[in-house]
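I have placed the structure first, in the form of structure tokens, so that the comments after it can refer back to it.
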4 protein chains.
Amino acid sequence: LSGDLLFDQVVTTEELLEATGDQAWLQAMLQAEAALSRACASAGLVPPEAARQITAVAEHAVFDAAELGRQARGGGNPVIPLVKALSDAVGPPCSQWVHMGATSQDILDTAMVLVSRKAGAIVDREAGRLARACADQARQHRDTVMPARTLLQPALPTTFGLKAVTWMVGVCEARRDLKVALESLSSQLGGAAGTLASLGDHGPAVAAAFAAELRLDEPVLPWHAARQRTARLATSLALVASTAAKIAFDIALLMQAEVAEATEPFAEGRGASSTMPQKRNPVAAAAVGAASRRAGALACLMMGSVVGEHERHLASWPTEWQTLGDLLALAGGAVSRSAETVEGLEVHADTMAANVTRFAGSLLAERVSSALTPALGRLRAAELVGRACRLAPDTGAAALIETLMSQQEVAEQISEQELRRLLDPTGYLGCAQHLVDKALAWFEGESS
Amino acid sequence: LSGDLLFDQVVTTEELLEATGDQAWLQAMLQAEAALSRACASAGLVPPEAARQITAVAEHAVFDAAELGRQARGGGNPVIPLVKALSDAVGPPCSQWVHMGATSQDILDTAMVLVSRKAGAIVDREAGRLARACADQARQHRDTVMPARTLLQPALPTTFGLKAVTWMVGVCEARRDLKVALESLSSQLGGAAGTLASLGDHGPAVAAAFAAELRLDEPVLPWHAARQRTARLATSLALVASTAAKIAFDIALLMQAEVAEATEPFAEGRGASSTMPQKRNPVAAAAVGAASRRAGALACLMMGSVVGEHERHLASWPTEWQTLGDLLALAGGAVSRSAETVEGLEVHADTMAANVTRFAGSLLAERVSSALTPALGRLRAAELVGRACRLAPDTGAAALIETLMSQQEVAEQISEQELRRLLDPTGYLGCAQHLVDKALAWFEGESS
Amino acid sequence: LSGDLLFDQVVTTEELLEATGDQAWLQAMLQAEAALSRACASAGLVPPEAARQITAVAEHAVFDAAELGRQARGGGNPVIPLVKALSDAVGPPCSQWVHMGATSQDILDTAMVLVSRKAGAIVDREAGRLARACADQARQHRDTVMPARTLLQPALPTTFGLKAVTWMVGVCEARRDLKVALESLSSQLGGAAGTLASLGDHGPAVAAAFAAELRLDEPVLPWHAARQRTARLATSLALVASTAAKIAFDIALLMQAEVAEATEPFAEGRGASSTMPQKRNPVAAAAVGAASRRAGALACLMMGSVVGEHERHLASWPTEWQTLGDLLALAGGAVSRSAETVEGLEVHADTMAANVTRFAGSLLAERVSSALTPALGRLRAAELVGRACRLAPDTGAAALIETLMSQQEVAEQISEQELRRLLDPTGYLGCAQHLVDKALAWFEGESS
Amino acid sequence: LSGDLLFDQVVTTEELLEATGDQAWLQAMLQAEAALSRACASAGLVPPEAARQITAVAEHAVFDAAELGRQARGGGNPVIPLVKALSDAVGPPCSQWVHMGATSQDILDTAMVLVSRKAGAIVDREAGRLARACADQARQHRDTVMPARTLLQPALPTTFGLKAVTWMVGVCEARRDLKVALESLSSQLGGAAGTLASLGDHGPAVAAAFAAELRLDEPVLPWHAARQRTARLATSLALVASTAAKIAFDIALLMQAEVAEATEPFAEGRGASSTMPQKRNPVAAAAVGAASRRAGALACLMMGSVVGEHERHLASWPTEWQTLGDLLALAGGAVSRSAETVEGLEVHADTMAANVTRFAGSLLAERVSSALTPALGRLRAAELVGRACRLAPDTGAAALIETLMSQQEVAEQISEQELRRLLDPTGYLGCAQHLVDKALAWFEGESS
């Protein structure tokens, strides 16, 4: 809303702003009008010369979006003034063939599809980039040990590789979902009420030619009042955005000075504060998170637009236009910015290792408890180890060993040496590395 | 998002687009920087001459929003490049006093308050206009009988006046709520972490002077991470928008050709279709409905921004900026457009009367049933009248009378003449007119 | 929330309440624990006898959901007390093998999948029923002429068949989307941090056996912190619900006494009011609409749960449990109730015909305008016809003919006889019937 | 939904489950019916004996919520079967006076108000407890120095007292907002269509007596189709919940093992894991966060219910019932659980101090930069200090001093001793303590 260049560029890219901006919509609507004239010409309803002229004007004429927007208030959508402006630019006699057989919604919905396809391809490209960046990090850090954290508490040792492939698989799934949604989009041509009545017997032929001209699939039926596919696209875009935000937020948490296991890529001025010189803020995470939150709310709106009145929805159809444009820009911005972050991510393997050592007593408590289970039973073992963790002066391995050995019930069952072996984090990675390999192989299968 | 002039103007006004657009935000941020320099000067921290110069530049300099937006990516918000641009424009030596003691959020939050106050005053003004328009309709149609409809079915006779005062009271309540929210907004000055540390002992004095310079209240505490008031404002704006949409939707339902009891005001081209010449669509209802739906989703986002991290929120703070701007524009657009509609509403009292006659049998079934209750018991009376309603060949009074009289159990209890009296809609308006008078008196009390 | 039997049954069915209630979740969690024990046994980690015993107890033991819920507060989820209760019921020595290698989230997520599969199958079945009901109505009313309405205004003639297939295609698309989402669900087994560490080298084998025991697919990776598929399921369910609500709302609009083109199926007491005996309210529409609104909001929540902290999400994971259960019940309730409605829908073909006649002047204005276009130009023709529509004393054909013939510019171009021909609604159905046939053929292809 | 005792108790309390459960609603509806009978008696419309008997039965009869729920499907709301059940229980002749003059919505809306008042008082009480707990922590930790964190990065030193009063002020504001919303609720009595027609001339007197009987305010008008106040209540409840969640999330972040500045209060089994014995998870934070997320989505729904059809809303009215009940339970659960947490919070002042020392170089960079500004200019000073922060081997004061002194441009302007003084965190708390005192004084004013 409201011509926002001050804030938009924080959350998306100029490429996406362009692909979803006023001029992109205008161009798509004009493309639809031009395709319609050619489709009508192919059915013999419009003289070929008129179709050529309409197409030529549609390709080159420049219209004033602000003025068309102003005029759109009267009829409730910008197609009405655009048809008038296009007719004026074409001039008589050909102008009479402009918009033949169509209703405003045919043009605006088809434009929505064209904009979605074009901007959606950018979103998909950036999502692919993000998936690859995750895969690259996973390959490089297959064996980089770090603390796994559940509910924000140290859990077990894991590898950064496993974290990165988990991100990657999520991105691949969101991306696949987006592809299905984008491919399900089709042209829209139904005329005033979805019956193609004003085209007489030529309706089906014109509708088919219209789709073909735009290289779009033809739908089973006109979908003026069947908004499932656009709603689906919206949720796919929100899923892409929130998948990017999951990654971004994990990175912001790793960037905490107290954790310091990763840092967003450095660039001069990046992450700076207006007053604190030391600052290197996770600004990409903030932007991606903001984009994802907004995308989620907008997807909700699109879902709500499935419910509406009869053959054309009153309030929910106009809700869709800008909402879908914004969703494309936000989802694209989110993946693009996260891709940039993961590609250049500074992974501090040394701090990861140091943190694993620092919290070894916590991270391996489960392992110690499991080792004591056969002798003491599961609950008693957990109880003793849990108490030792609470009593130990710090969270490291040595403190836990000492505290455990001071408890006779434990000391009777296990040697200090065995405890030392159990408290080696690299010995308790489970299938982390196996899972990284499996996921990367799956990814290569997906991508090829 | 994305400089949308093509679609925005359908849902809001140019005045609001201006009041919430990039330049309005820039101006508000500069106003905050200028006030800050004067506040520091009043505490002796900045030379008066520097404050004067900063103020002068802030008032007259013109900055490129698109360029500042581009530069905002690095630090994550537009204040950082704006402070640099302002400093450059001020030039040494005074430039060193720019942004003294403040953090980006101080400036952006204060600007958010200034923009909200200004645009909020427009929303309030238009809401007032809408309330008055409803009151005027109510006065004029105090006695205009029409069918009340519950769950979209004829219920009882009512008056258009009662409908209009019901709208009016809703608007007044939403407006009062908005006023409280707008008045609760205060200046923001906390410095890097809300402690005003860089101002030394002068913090409280500067914070007080800063608020005074901007004619804003001073908050109990800096609210960098306490977003209750901005969330409240957002929900108030959404409430205003949805109140306008309730009215707009009722009108759209009344405009149905089959109902035809009211029409949105006429203007050339208004409600036109790109292909159907007969059309006079409820385009204001569509626009207001769309604005209200979007406002609802955005209010949700602002509510979500109450939860965030420590002393400054990571993703939720940047979510707020454009969201609040859009909410102001959408709420304002919704009430403005609804005000215009209600002011010029064509009320078809004759069709209302005709519909009441047409559905008199339905609208007065409760009355007949009540009249039979003493003799037959409540459930039996309802059963007999309900069956008669279903059996009657049409929904008018005559058909119901005939059907009822043909049932001996009824005919024994009541005369045809009495039934005819009961089936006079004007005799069953209950306190409709009394309620109109009461509400209008209340409204006059409210407004004075 | 809060054991709601008073309101739930209005919006969903007992079958779905059961399939998503406490006992269904408990049973699914116990099924997961039992499968885990057998999977561990197959890898030689658990004595076969223990697996048998755990399975037997899991199948037959009855646990107190309220009590487990109370105990769940401490650890934050009900698996912890359930494991304890199950262990107690199994008793030593086998109890030590309960929950081996798993974390709470493994059990709860797998249970979520089991509940979703089972309840999801009901939703799918009811959606199929709804699609078939729409197809049946379309077949029966292929040629039933009625007014198409855009923005709630008469647009063109259409057929009820076309309306019904448009509903049907939407249902099929939402249903196909749901199927993909349900099929994408897989088992969850990752252990404390997704590395399967406590199972040593047996991790992959146990995970595979666990999935096989439950007849679920194995995921590429544990998905403790990759919530794309559950979010996708949620949006699919909301899409199903809103698709049902679109149909329900259209029917409610057709049920308006002033329109009277369809009625929800009759049953004693159905649609009754507590006070108005004539009432036959569109109660299914109200219920389905309410279910759909709530489903939409819940889908939003699930989308938001994609973003969370590290290897297990803090607040967003517990947000999912009840939300997904409610979504299943609401979506299922919505399609079930809409199926019932469409199956028994009373279609008033006579009133449809009468309304078409009543509004013929409006419904065929486009056709008249098109006929005049070659002679007068598109804009002039539309202007003249539009004016005639406004001036005509009513919306019927005769009134429009008379008004048009009184305008010389029109009368010169067209004969009254030709106008009469043009104003025959059955001559302006466009491809309505063709589209019905096409969609029904497509549906048969889909279903077979 | 669906009788959920397994999950509900994690996010709310038994007291609130009871106050918002089926029996509470039933009781409130019966209370409304009883009050109605007495109000009618006071107007002479009902024999006093009948009112007494209806009241007696309403007070003591027990109805089966599940069965009433089942019967509610037909008419779309539970009042219809409840009126029947109540009439049966009262028996003739008095049963004929049951529900006199009312419509289902009168009873259900009034019940909604009664439930909201009662459960709302619990929410308010718990919110008050939370505010006091924050105040107590602030008093105790007025001078406890800790790092302030913005965008999850160390910013400046602050005090835990300032953090706690910032929480406190937020709670007070949300609570005040809730009070206004609760007090704005009024009785509902309008009869079938809001005109009180079936009460004849007695309408206003009965409506006034009805309100008085229930100790509720009388509204200006019946509000069947004016849902501003219930929407406002919903957003107030969501604001309360999210305010609690802000606190809970801050605590979860402080509980991170790497930060370790606070811990949720300890109790046996609290925060435990099903497999990791060391775990002490922030389970209250998880529960409060989940409650707040759900509350936010539900508030959105209630806001959407402002828009609906004519004199009674079709789908949006039934959306409100359970939604508002859930909101009350969730908001109450959130504040209750956060109050418990803050009351028993373990504040680790020693770790706070250690972290301040550990990050002193970062936390005081702004101060050093400010000190160098007069000599070097603001931007140059920030640049040099920023670079030193990046080059320093660690984030402590000593490392920064050494790095700074090695830069000639700095060393020329400032002595090592002066740097040491500047890098003392206790000297850079700004007005933190002053703000604590101010806020506590304000709180005492508020509370008294």
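Labels for the structure tokens follow display order: chains A, B, ..., residues from 1 in each chain, ligands from 1.
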What residues in chain B have any atom no more than 10 Å from chain C when counting only C-alpha atoms, and can you write them as a PyMOL selection string? chain B and resi 149-156+252-260+269+271-283+285-286+355+358-359+361-370+378-379+381-390+395
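For Gln53 in chain A, the set of protein, DNA and RNA residues having any atom at most 12 Å away, when counting only C-alpha atoms and skipping those fewer than 5 positions along the same chain, is A:Glu33, A:Ala34, A:Ala35, A:Ser37, A:Arg38, A:Ala41, A:Val46, A:Pro47, A:Pro48, A:Ala58, A:Glu59, A:His60, A:Ala61, A:Leu86, A:Ser87, A:Ala89, A:Val90, A:Gly91, A:Pro92, A:Pro93, A:Cys94, A:Ser95, A:Gln96, A:Trp97, A:Val98.
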Between A:Met352, A:Thr243, A:Glu418, A:Trp25, which has the minimum distance to His141 in chain A (counting only C-alpha atoms)? A:Met352
Range 217-232 of chain B environment, 6 Å, only C-alpha atoms, sequence neighbours closer than 2 positions dropped, as a PyMOL selection string: (chain B and resi 186-188+190+194+211+234-235+302-303+306+311-312) or (chain D and resi 170)
Which neighbours of His434 in chain A fall inside 12 Å, counting only C-alpha atoms, when residues of the same chain fewer than 5 positions from it are skipped, and could you give them as a count of residues only? 23
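Across the structure, CA of Thr426 in chain B and CA of Ser406 in chain B are spaced 25.4 Å apart.
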So which residues of range 267-358 of chain C fall under alpha helix (DSSP H) by DSSP, listed as a VMD selection string? chain C and resid 283 to 304 316 to 343 349 to 358
Which residues in range 189-396 of chain C does DSSP call strand (DSSP E or B)? List them as a CSV table (one decimal) with N, CA and C atoms, in the first residue's frame.
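Writing done, so here's states_1.csv:
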chain,number,residue,atom,x,y,z
C,217,ASP,N,5.1,-43.9,5.6
C,217,ASP,CA,6.3,-43.7,4.9
C,217,ASP,C,7.4,-43.3,5.9
C,262,ALA,N,-33.6,-21.9,-4.0
C,262,ALA,CA,-33.2,-23.2,-3.4
C,262,ALA,C,-33.5,-23.2,-1.9
C,263,THR,N,-33.6,-24.3,-1.3
C,263,THR,CA,-33.8,-24.4,0.1
C,263,THR,C,-33.0,-25.6,0.7
C,312,ARG,N,14.0,-28.2,18.4
C,312,ARG,CA,12.6,-28.4,18.8
C,312,ARG,C,12.0,-27.0,19.2
C,346,GLU,N,-33.4,-28.6,-2.1
C,346,GLU,CA,-34.6,-28.4,-2.9
C,346,GLU,C,-34.3,-27.2,-3.9
C,347,VAL,N,-34.2,-27.6,-5.1
C,347,VAL,CA,-34.0,-26.6,-6.2
C,347,VAL,C,-35.3,-26.2,-6.8
Out of C:Arg73, C:Arg215, C:Lys163, C:Arg52, which residue has the shortest atom-to-atom distance to Leu435 in chain C when counting only C-alpha atoms? C:Lys163
Nearby residues (only C-alpha atoms) at most 9 Å from Ala209 in chain D, same-chain spacing under 2 positions excluded, as a list in words: Ala35, Leu36, Arg38, Ala39, Cys40, Ser42, Ala43, Pro204, Ala205, Val206, Ala207, Ala211, Ala212, Glu213 and Leu214 of chain D
Just want the 9 Å neighbourhood of range 113-123 of chain A, counted on only C-alpha atoms, with same-chain residues fewer than 6 positions away dropped. Output as a VMD selection string. chain A and resid 15 to 16 19 to 20 24 to 25 28 to 29 31 to 32 175 178 to 179 182 to 183 185 to 188 214 216 230 233 237 240 324 to 325 328 to 329 331 to 336
